[in-house]
Amino acid sequence: MDDQDSYFMKEAIKEATKAQGLNEVPIGAVIVYEGKIISRAYNLREREQNSLAHAELLAIDKACRVQGSWRLEDTTLYVTLEPCPMCSGAIILSRVKRVVYGASDPKGGCAGTLMNLLEDPRFNHQCEVVKGVLESECSELLSDFFRKIRERKRQEKKLRQAEGFTEINSE
């Protein structure tokens, strides 16, 4: 892992933290061209109620507008979680040169974990993939987020049970 990859992954983590602040799954992405960030994005699926509002897709959309082209050749996408099949397809189609991700996704990762779409030679474009950059920080963000959701659901269940118990006994 080089210092540049760490630096830009920290920027993606900042984006993920913004998502977390909105009660979104904390996934962030940045796209870099010639050593500069040309787009930033984070998950907005819940807020937008749109299954396409993944951090990678939003970052790709912004980068295409900045570059004035759908071809994002010579760019690197940094993302805190391994891309899913949909995002991997968009990455391939937009000709991103390199993908750097933090945490692996055993349930949907398509950059080497579940399958590897990004380096599949059957496609007309392949990406260089670097995995595990700041993996523990990226994984921790996701683990903490889902732990808090589970805890909140347990508390809500206890509250409902307590309210139900009170109502039954008060009759």
# chains A, B, ... in the order shown; residues from 1 in each chain; ligands from 1
call {"tool": "residues_around", "arguments": {"residues": "Glu128 in chain A", "least_positions_apart": "2", "cutoff": "12 Å", "atoms": "only C-alpha atoms", "output": "ChimeraX atom specification"}}
result
/A:73-78,91-92,95-101,111-112,116-121,125-126,130-131
call {"tool": "closest_residue", "arguments": {"among": "A:Asn23, A:Ser69, A:Gln4, A:Thr17", "to": "Ile37 in chain A", "atoms": "only C-alpha atoms"}}
result
A:Gln4
call {"tool": "residues_around", "arguments": {"residues": "Leu81 in chain A", "least_positions_apart": "2", "cutoff": "9 Å", "atoms": "only C-alpha atoms", "output": "PyMOL selection string"}}
result
chain A and resi 27-29+79+83-84+101-105+109+135+138-139+142
call {"tool": "write_last_selection", "arguments": {"atoms": "N, CA, C and O atoms", "output": "PDB file, in the first residue's frame"}}
result
ATOM      1  N   ILE A  27     -20.657   4.150   3.160  1.00  0.00           N
ATOM      2  CA  ILE A  27     -19.769   3.826   2.048  1.00  0.00           C
ATOM      3  C   ILE A  27     -19.481   5.134   1.321  1.00  0.00           C
ATOM      4  O   ILE A  27     -20.396   5.886   0.994  1.00  0.00           O
ATOM      5  N   GLY A  28     -18.197   5.375   1.100  1.00  0.00           N
ATOM      6  CA  GLY A  28     -17.787   6.592   0.419  1.00  0.00           C
ATOM      7  C   GLY A  28     -16.859   6.268  -0.729  1.00  0.00           C
ATOM      8  O   GLY A  28     -16.197   5.227  -0.736  1.00  0.00           O
ATOM      9  N   ALA A  29     -16.813   7.184  -1.701  1.00  0.00           N
ATOM     10  CA  ALA A  29     -15.969   6.991  -2.882  1.00  0.00           C
ATOM     11  C   ALA A  29     -15.415   8.324  -3.342  1.00  0.00           C
ATOM     12  O   ALA A  29     -16.078   9.364  -3.207  1.00  0.00           O
ATOM     13  N   VAL A  79     -12.841   3.397  -2.940  1.00  0.00           N
ATOM     14  CA  VAL A  79     -14.132   3.152  -2.311  1.00  0.00           C
ATOM     15  C   VAL A  79     -13.922   2.327  -1.048  1.00  0.00           C
ATOM     16  O   VAL A  79     -13.066   1.442  -1.009  1.00  0.00           O
ATOM     17  N   PRO A  83     -16.769  -3.085  -4.518  1.00  0.00           N
ATOM     18  CA  PRO A  83     -17.927  -2.828  -5.383  1.00  0.00           C
ATOM     19  C   PRO A  83     -18.813  -4.062  -5.606  1.00  0.00           C
ATOM     20  O   PRO A  83     -18.331  -5.180  -5.719  1.00  0.00           O
ATOM     21  N   CYS A  84     -20.115  -3.785  -5.696  1.00  0.00           N
ATOM     22  CA  CYS A  84     -21.125  -4.801  -5.976  1.00  0.00           C
ATOM     23  C   CYS A  84     -21.166  -5.075  -7.489  1.00  0.00           C
ATOM     24  O   CYS A  84     -20.475  -4.410  -8.261  1.00  0.00           O
ATOM     25  N   TYR A 101     -10.020  -0.515  -2.979  1.00  0.00           N
ATOM     26  CA  TYR A 101     -11.090  -0.590  -1.981  1.00  0.00           C
ATOM     27  C   TYR A 101     -10.546  -1.000  -0.625  1.00  0.00           C
ATOM     28  O   TYR A 101      -9.473  -1.568  -0.509  1.00  0.00           O
ATOM     29  N   GLY A 102     -11.343  -0.679   0.402  1.00  0.00           N
ATOM     30  CA  GLY A 102     -10.951  -0.964   1.771  1.00  0.00           C
ATOM     31  C   GLY A 102     -11.411  -2.323   2.233  1.00  0.00           C
ATOM     32  O   GLY A 102     -10.650  -3.289   2.261  1.00  0.00           O
ATOM     33  N   ALA A 103     -12.696  -2.433   2.578  1.00  0.00           N
ATOM     34  CA  ALA A 103     -13.251  -3.662   3.145  1.00  0.00           C
ATOM     35  C   ALA A 103     -13.787  -4.577   2.048  1.00  0.00           C
ATOM     36  O   ALA A 103     -14.405  -4.120   1.087  1.00  0.00           O
ATOM     37  N   SER A 104     -13.563  -5.862   2.219  1.00  0.00           N
ATOM     38  CA  SER A 104     -14.130  -6.857   1.301  1.00  0.00           C
ATOM     39  C   SER A 104     -15.600  -7.065   1.638  1.00  0.00           C
ATOM     40  O   SER A 104     -16.025  -6.861   2.773  1.00  0.00           O
ATOM     41  N   ASP A 105     -16.366  -7.506   0.648  1.00  0.00           N
ATOM     42  CA  ASP A 105     -17.796  -7.774   0.835  1.00  0.00           C
ATOM     43  C   ASP A 105     -18.088  -9.219   0.459  1.00  0.00           C
ATOM     44  O   ASP A 105     -18.268  -9.533  -0.717  1.00  0.00           O
ATOM     45  N   GLY A 109     -19.337  -8.737  -3.088  1.00  0.00           N
ATOM     46  CA  GLY A 109     -18.134  -8.151  -3.660  1.00  0.00           C
ATOM     47  C   GLY A 109     -17.743  -8.745  -4.997  1.00  0.00           C
ATOM     48  O   GLY A 109     -17.562  -9.956  -5.120  1.00  0.00           O
ATOM     49  N   GLU A 135      -8.175  -1.249   5.455  1.00  0.00           N
ATOM     50  CA  GLU A 135      -9.266  -2.212   5.620  1.00  0.00           C
ATOM     51  C   GLU A 135      -9.911  -2.152   7.000  1.00  0.00           C
ATOM     52  O   GLU A 135     -11.135  -2.164   7.119  1.00  0.00           O
ATOM     53  N   CYS A 138     -12.142   0.938   7.369  1.00  0.00           N
ATOM     54  CA  CYS A 138     -13.348   0.815   6.545  1.00  0.00           C
ATOM     55  C   CYS A 138     -14.309  -0.218   7.128  1.00  0.00           C
ATOM     56  O   CYS A 138     -15.522   0.022   7.200  1.00  0.00           O
ATOM     57  N   SER A 139     -13.782  -1.343   7.555  1.00  0.00           N
ATOM     58  CA  SER A 139     -14.617  -2.405   8.137  1.00  0.00           C
ATOM     59  C   SER A 139     -15.265  -1.940   9.435  1.00  0.00           C
ATOM     60  O   SER A 139     -16.434  -2.232   9.693  1.00  0.00           O
ATOM     61  N   LEU A 142     -18.377   0.203   8.970  1.00  0.00           N
ATOM     62  CA  LEU A 142     -19.547  -0.610   8.626  1.00  0.00           C
ATOM     63  C   LEU A 142     -20.019  -1.431   9.820  1.00  0.00           C
ATOM     64  O   LEU A 142     -21.222  -1.477  10.115  1.00  0.00           O
TER      65      LEU A 142
END
call {"tool": "select_by_dssp", "arguments": {"residues": "chain A", "states": "alpha helix (DSSP H)", "output": "PyMOL selection string"}}
result
chain A and resi 3-21+45-48+55-67+85-93+135-169
call {"tool": "residues_around", "arguments": {"residues": "Asp3 in chain A", "least_positions_apart": "4", "cutoff": "12 Å", "atoms": "only C-alpha atoms", "output": "ChimeraX atom specification"}}
result
/A:7-10,133-134
call {"tool": "residues_around", "arguments": {"residues": "Ile38 in chain A", "least_positions_apart": "6", "cutoff": "6 Å", "atoms": "only C-alpha atoms", "output": "ChimeraX atom specification"}}
result
/A:31-32,63
call {"tool": "select_by_dssp", "arguments": {"residues": "range 2-116 of chain A", "states": "strand (DSSP E or B)", "output": "list in words"}}
result
Gly28, Ala29, Val30, Ile31, Val32, Tyr33, Lys36, Ile37, Ile38, Ser39, Arg40, Ala41, Tyr42, Thr75, Thr76, Leu77, Tyr78, Val79, Thr80, Leu81, Arg98, Val99, Val100, Tyr101, Gly102, Ala103, Ala111 and Asn116 of chain A
call {"tool": "closest_residue", "arguments": {"among": "A:Gly132, A:Ser39, A:Asn50, A:Arg65", "to": "Glu82 in chain A", "atoms": "only C-alpha atoms"}}
result
A:Gly132
call {"tool": "residues_around", "arguments": {"residues": "Leu141 in chain A", "least_positions_apart": "5", "cutoff": "9 Å", "atoms": "only C-alpha atoms", "output": "list in words"}}
result
Ile13, Ala16, Thr17, Gln20, Pro26, Ile27, Ser136 and Phe146 of chain A
call {"tool": "atom_distance", "arguments": {"atom1": "CA of Ser51 in chain A", "atom2": "CA of Leu22 in chain A"}}
result
16.2 Å
call {"tool": "decode", "arguments": {"residues": "range 3-30 of chain A", "atoms": "N, CA, C and O atoms", "output": "PDB file, in the first residue's frame"}}
result
ATOM      1  N   ASP A   3       1.507   5.533   0.064  1.00  0.00           N
ATOM      2  CA  ASP A   3       0.974   6.671   0.808  1.00  0.00           C
ATOM      3  C   ASP A   3      -0.164   7.356   0.068  1.00  0.00           C
ATOM      4  O   ASP A   3      -1.117   7.816   0.677  1.00  0.00           O
ATOM      5  N   GLN A   4      -0.065   7.403  -1.255  1.00  0.00           N
ATOM      6  CA  GLN A   4      -1.116   8.045  -2.043  1.00  0.00           C
ATOM      7  C   GLN A   4      -2.431   7.278  -1.899  1.00  0.00           C
ATOM      8  O   GLN A   4      -3.479   7.892  -1.741  1.00  0.00           O
ATOM      9  N   ASP A   5      -2.366   5.955  -1.950  1.00  0.00           N
ATOM     10  CA  ASP A   5      -3.590   5.160  -1.770  1.00  0.00           C
ATOM     11  C   ASP A   5      -4.188   5.394  -0.392  1.00  0.00           C
ATOM     12  O   ASP A   5      -5.409   5.533  -0.253  1.00  0.00           O
ATOM     13  N   SER A   6      -3.361   5.453   0.630  1.00  0.00           N
ATOM     14  CA  SER A   6      -3.856   5.718   1.988  1.00  0.00           C
ATOM     15  C   SER A   6      -4.504   7.097   2.074  1.00  0.00           C
ATOM     16  O   SER A   6      -5.577   7.259   2.663  1.00  0.00           O
ATOM     17  N   TYR A   7      -3.852   8.083   1.489  1.00  0.00           N
ATOM     18  CA  TYR A   7      -4.381   9.443   1.526  1.00  0.00           C
ATOM     19  C   TYR A   7      -5.777   9.504   0.894  1.00  0.00           C
ATOM     20  O   TYR A   7      -6.723  10.056   1.480  1.00  0.00           O
ATOM     21  N   PHE A   8      -5.914   8.956  -0.308  1.00  0.00           N
ATOM     22  CA  PHE A   8      -7.205   9.042  -0.991  1.00  0.00           C
ATOM     23  C   PHE A   8      -8.261   8.140  -0.355  1.00  0.00           C
ATOM     24  O   PHE A   8      -9.443   8.481  -0.380  1.00  0.00           O
ATOM     25  N   MET A   9      -7.844   7.028   0.249  1.00  0.00           N
ATOM     26  CA  MET A   9      -8.823   6.201   0.970  1.00  0.00           C
ATOM     27  C   MET A   9      -9.335   6.950   2.191  1.00  0.00           C
ATOM     28  O   MET A   9     -10.525   6.851   2.525  1.00  0.00           O
ATOM     29  N   LYS A  10      -8.486   7.714   2.831  1.00  0.00           N
ATOM     30  CA  LYS A  10      -8.963   8.536   3.959  1.00  0.00           C
ATOM     31  C   LYS A  10     -10.010   9.538   3.485  1.00  0.00           C
ATOM     32  O   LYS A  10     -10.974   9.829   4.201  1.00  0.00           O
ATOM     33  N   GLU A  11      -9.843  10.043   2.277  1.00  0.00           N
ATOM     34  CA  GLU A  11     -10.847  10.948   1.709  1.00  0.00           C
ATOM     35  C   GLU A  11     -12.163  10.203   1.456  1.00  0.00           C
ATOM     36  O   GLU A  11     -13.247  10.743   1.688  1.00  0.00           O
ATOM     37  N   ALA A  12     -12.084   8.968   0.992  1.00  0.00           N
ATOM     38  CA  ALA A  12     -13.286   8.152   0.795  1.00  0.00           C
ATOM     39  C   ALA A  12     -13.950   7.863   2.146  1.00  0.00           C
ATOM     40  O   ALA A  12     -15.189   7.863   2.246  1.00  0.00           O
ATOM     41  N   ILE A  13     -13.145   7.640   3.165  1.00  0.00           N
ATOM     42  CA  ILE A  13     -13.690   7.407   4.511  1.00  0.00           C
ATOM     43  C   ILE A  13     -14.431   8.652   5.003  1.00  0.00           C
ATOM     44  O   ILE A  13     -15.495   8.540   5.629  1.00  0.00           O
ATOM     45  N   LYS A  14     -13.922   9.834   4.696  1.00  0.00           N
ATOM     46  CA  LYS A  14     -14.635  11.070   5.058  1.00  0.00           C
ATOM     47  C   LYS A  14     -16.018  11.096   4.410  1.00  0.00           C
ATOM     48  O   LYS A  14     -17.003  11.518   5.030  1.00  0.00           O
ATOM     49  N   GLU A  15     -16.084  10.655   3.160  1.00  0.00           N
ATOM     50  CA  GLU A  15     -17.379  10.596   2.476  1.00  0.00           C
ATOM     51  C   GLU A  15     -18.300   9.578   3.154  1.00  0.00           C
ATOM     52  O   GLU A  15     -19.490   9.836   3.334  1.00  0.00           O
ATOM     53  N   ALA A  16     -17.750   8.429   3.515  1.00  0.00           N
ATOM     54  CA  ALA A  16     -18.543   7.399   4.194  1.00  0.00           C
ATOM     55  C   ALA A  16     -19.107   7.926   5.513  1.00  0.00           C
ATOM     56  O   ALA A  16     -20.249   7.626   5.874  1.00  0.00           O
ATOM     57  N   THR A  17     -18.316   8.726   6.208  1.00  0.00           N
ATOM     58  CA  THR A  17     -18.760   9.313   7.474  1.00  0.00           C
ATOM     59  C   THR A  17     -19.940  10.260   7.249  1.00  0.00           C
ATOM     60  O   THR A  17     -20.855  10.325   8.074  1.00  0.00           O
ATOM     61  N   LYS A  18     -19.941  10.963   6.124  1.00  0.00           N
ATOM     62  CA  LYS A  18     -21.083  11.818   5.787  1.00  0.00           C
ATOM     63  C   LYS A  18     -22.341  10.974   5.611  1.00  0.00           C
ATOM     64  O   LYS A  18     -23.427  11.355   6.055  1.00  0.00           O
ATOM     65  N   ALA A  19     -22.211   9.839   4.942  1.00  0.00           N
ATOM     66  CA  ALA A  19     -23.354   8.941   4.758  1.00  0.00           C
ATOM     67  C   ALA A  19     -23.871   8.468   6.105  1.00  0.00           C
ATOM     68  O   ALA A  19     -25.085   8.457   6.345  1.00  0.00           O
ATOM     69  N   GLN A  20     -22.950   8.085   6.968  1.00  0.00           N
ATOM     70  CA  GLN A  20     -23.333   7.604   8.301  1.00  0.00           C
ATOM     71  C   GLN A  20     -24.133   8.674   9.046  1.00  0.00           C
ATOM     72  O   GLN A  20     -25.103   8.362   9.728  1.00  0.00           O
ATOM     73  N   GLY A  21     -23.739   9.930   8.902  1.00  0.00           N
ATOM     74  CA  GLY A  21     -24.450  11.029   9.550  1.00  0.00           C
ATOM     75  C   GLY A  21     -25.884  11.187   9.068  1.00  0.00           C
ATOM     76  O   GLY A  21     -26.709  11.785   9.756  1.00  0.00           O
ATOM     77  N   LEU A  22     -26.181  10.626   7.912  1.00  0.00           N
ATOM     78  CA  LEU A  22     -27.537  10.666   7.355  1.00  0.00           C
ATOM     79  C   LEU A  22     -28.271   9.346   7.557  1.00  0.00           C
ATOM     80  O   LEU A  22     -29.313   9.111   6.946  1.00  0.00           O
ATOM     81  N   ASN A  23     -27.712   8.470   8.387  1.00  0.00           N
ATOM     82  CA  ASN A  23     -28.259   7.124   8.612  1.00  0.00           C
ATOM     83  C   ASN A  23     -28.240   6.270   7.354  1.00  0.00           C
ATOM     84  O   ASN A  23     -29.090   5.401   7.166  1.00  0.00           O
ATOM     85  N   GLU A  24     -27.280   6.534   6.498  1.00  0.00           N
ATOM     86  CA  GLU A  24     -27.042   5.722   5.307  1.00  0.00           C
ATOM     87  C   GLU A  24     -25.931   4.726   5.631  1.00  0.00           C
ATOM     88  O   GLU A  24     -25.086   5.000   6.491  1.00  0.00           O
ATOM     89  N   VAL A  25     -25.898   3.611   4.911  1.00  0.00           N
ATOM     90  CA  VAL A  25     -24.777   2.693   5.060  1.00  0.00           C
ATOM     91  C   VAL A  25     -23.511   3.479   4.721  1.00  0.00           C
ATOM     92  O   VAL A  25     -23.436   4.110   3.664  1.00  0.00           O
ATOM     93  N   PRO A  26     -22.526   3.481   5.624  1.00  0.00           N
ATOM     94  CA  PRO A  26     -21.354   4.341   5.440  1.00  0.00           C
ATOM     95  C   PRO A  26     -20.367   3.821   4.398  1.00  0.00           C
ATOM     96  O   PRO A  26     -19.385   3.152   4.700  1.00  0.00           O
ATOM     97  N   ILE A  27     -20.657   4.150   3.160  1.00  0.00           N
ATOM     98  CA  ILE A  27     -19.769   3.826   2.048  1.00  0.00           C
ATOM     99  C   ILE A  27     -19.481   5.134   1.321  1.00  0.00           C
ATOM    100  O   ILE A  27     -20.396   5.886   0.994  1.00  0.00           O
ATOM    101  N   GLY A  28     -18.197   5.375   1.100  1.00  0.00           N
ATOM    102  CA  GLY A  28     -17.787   6.592   0.419  1.00  0.00           C
ATOM    103  C   GLY A  28     -16.859   6.268  -0.729  1.00  0.00           C
ATOM    104  O   GLY A  28     -16.197   5.227  -0.736  1.00  0.00           O
ATOM    105  N   ALA A  29     -16.813   7.184  -1.701  1.00  0.00           N
ATOM    106  CA  ALA A  29     -15.969   6.991  -2.882  1.00  0.00           C
ATOM    107  C   ALA A  29     -15.415   8.324  -3.342  1.00  0.00           C
ATOM    108  O   ALA A  29     -16.078   9.364  -3.207  1.00  0.00           O
ATOM    109  N   VAL A  30     -14.204   8.269  -3.871  1.00  0.00           N
ATOM    110  CA  VAL A  30     -13.625   9.421  -4.562  1.00  0.00           C
ATOM    111  C   VAL A  30     -12.988   8.912  -5.840  1.00  0.00           C
ATOM    112  O   VAL A  30     -12.521   7.775  -5.916  1.00  0.00           O
TER     113      VAL A  30
END
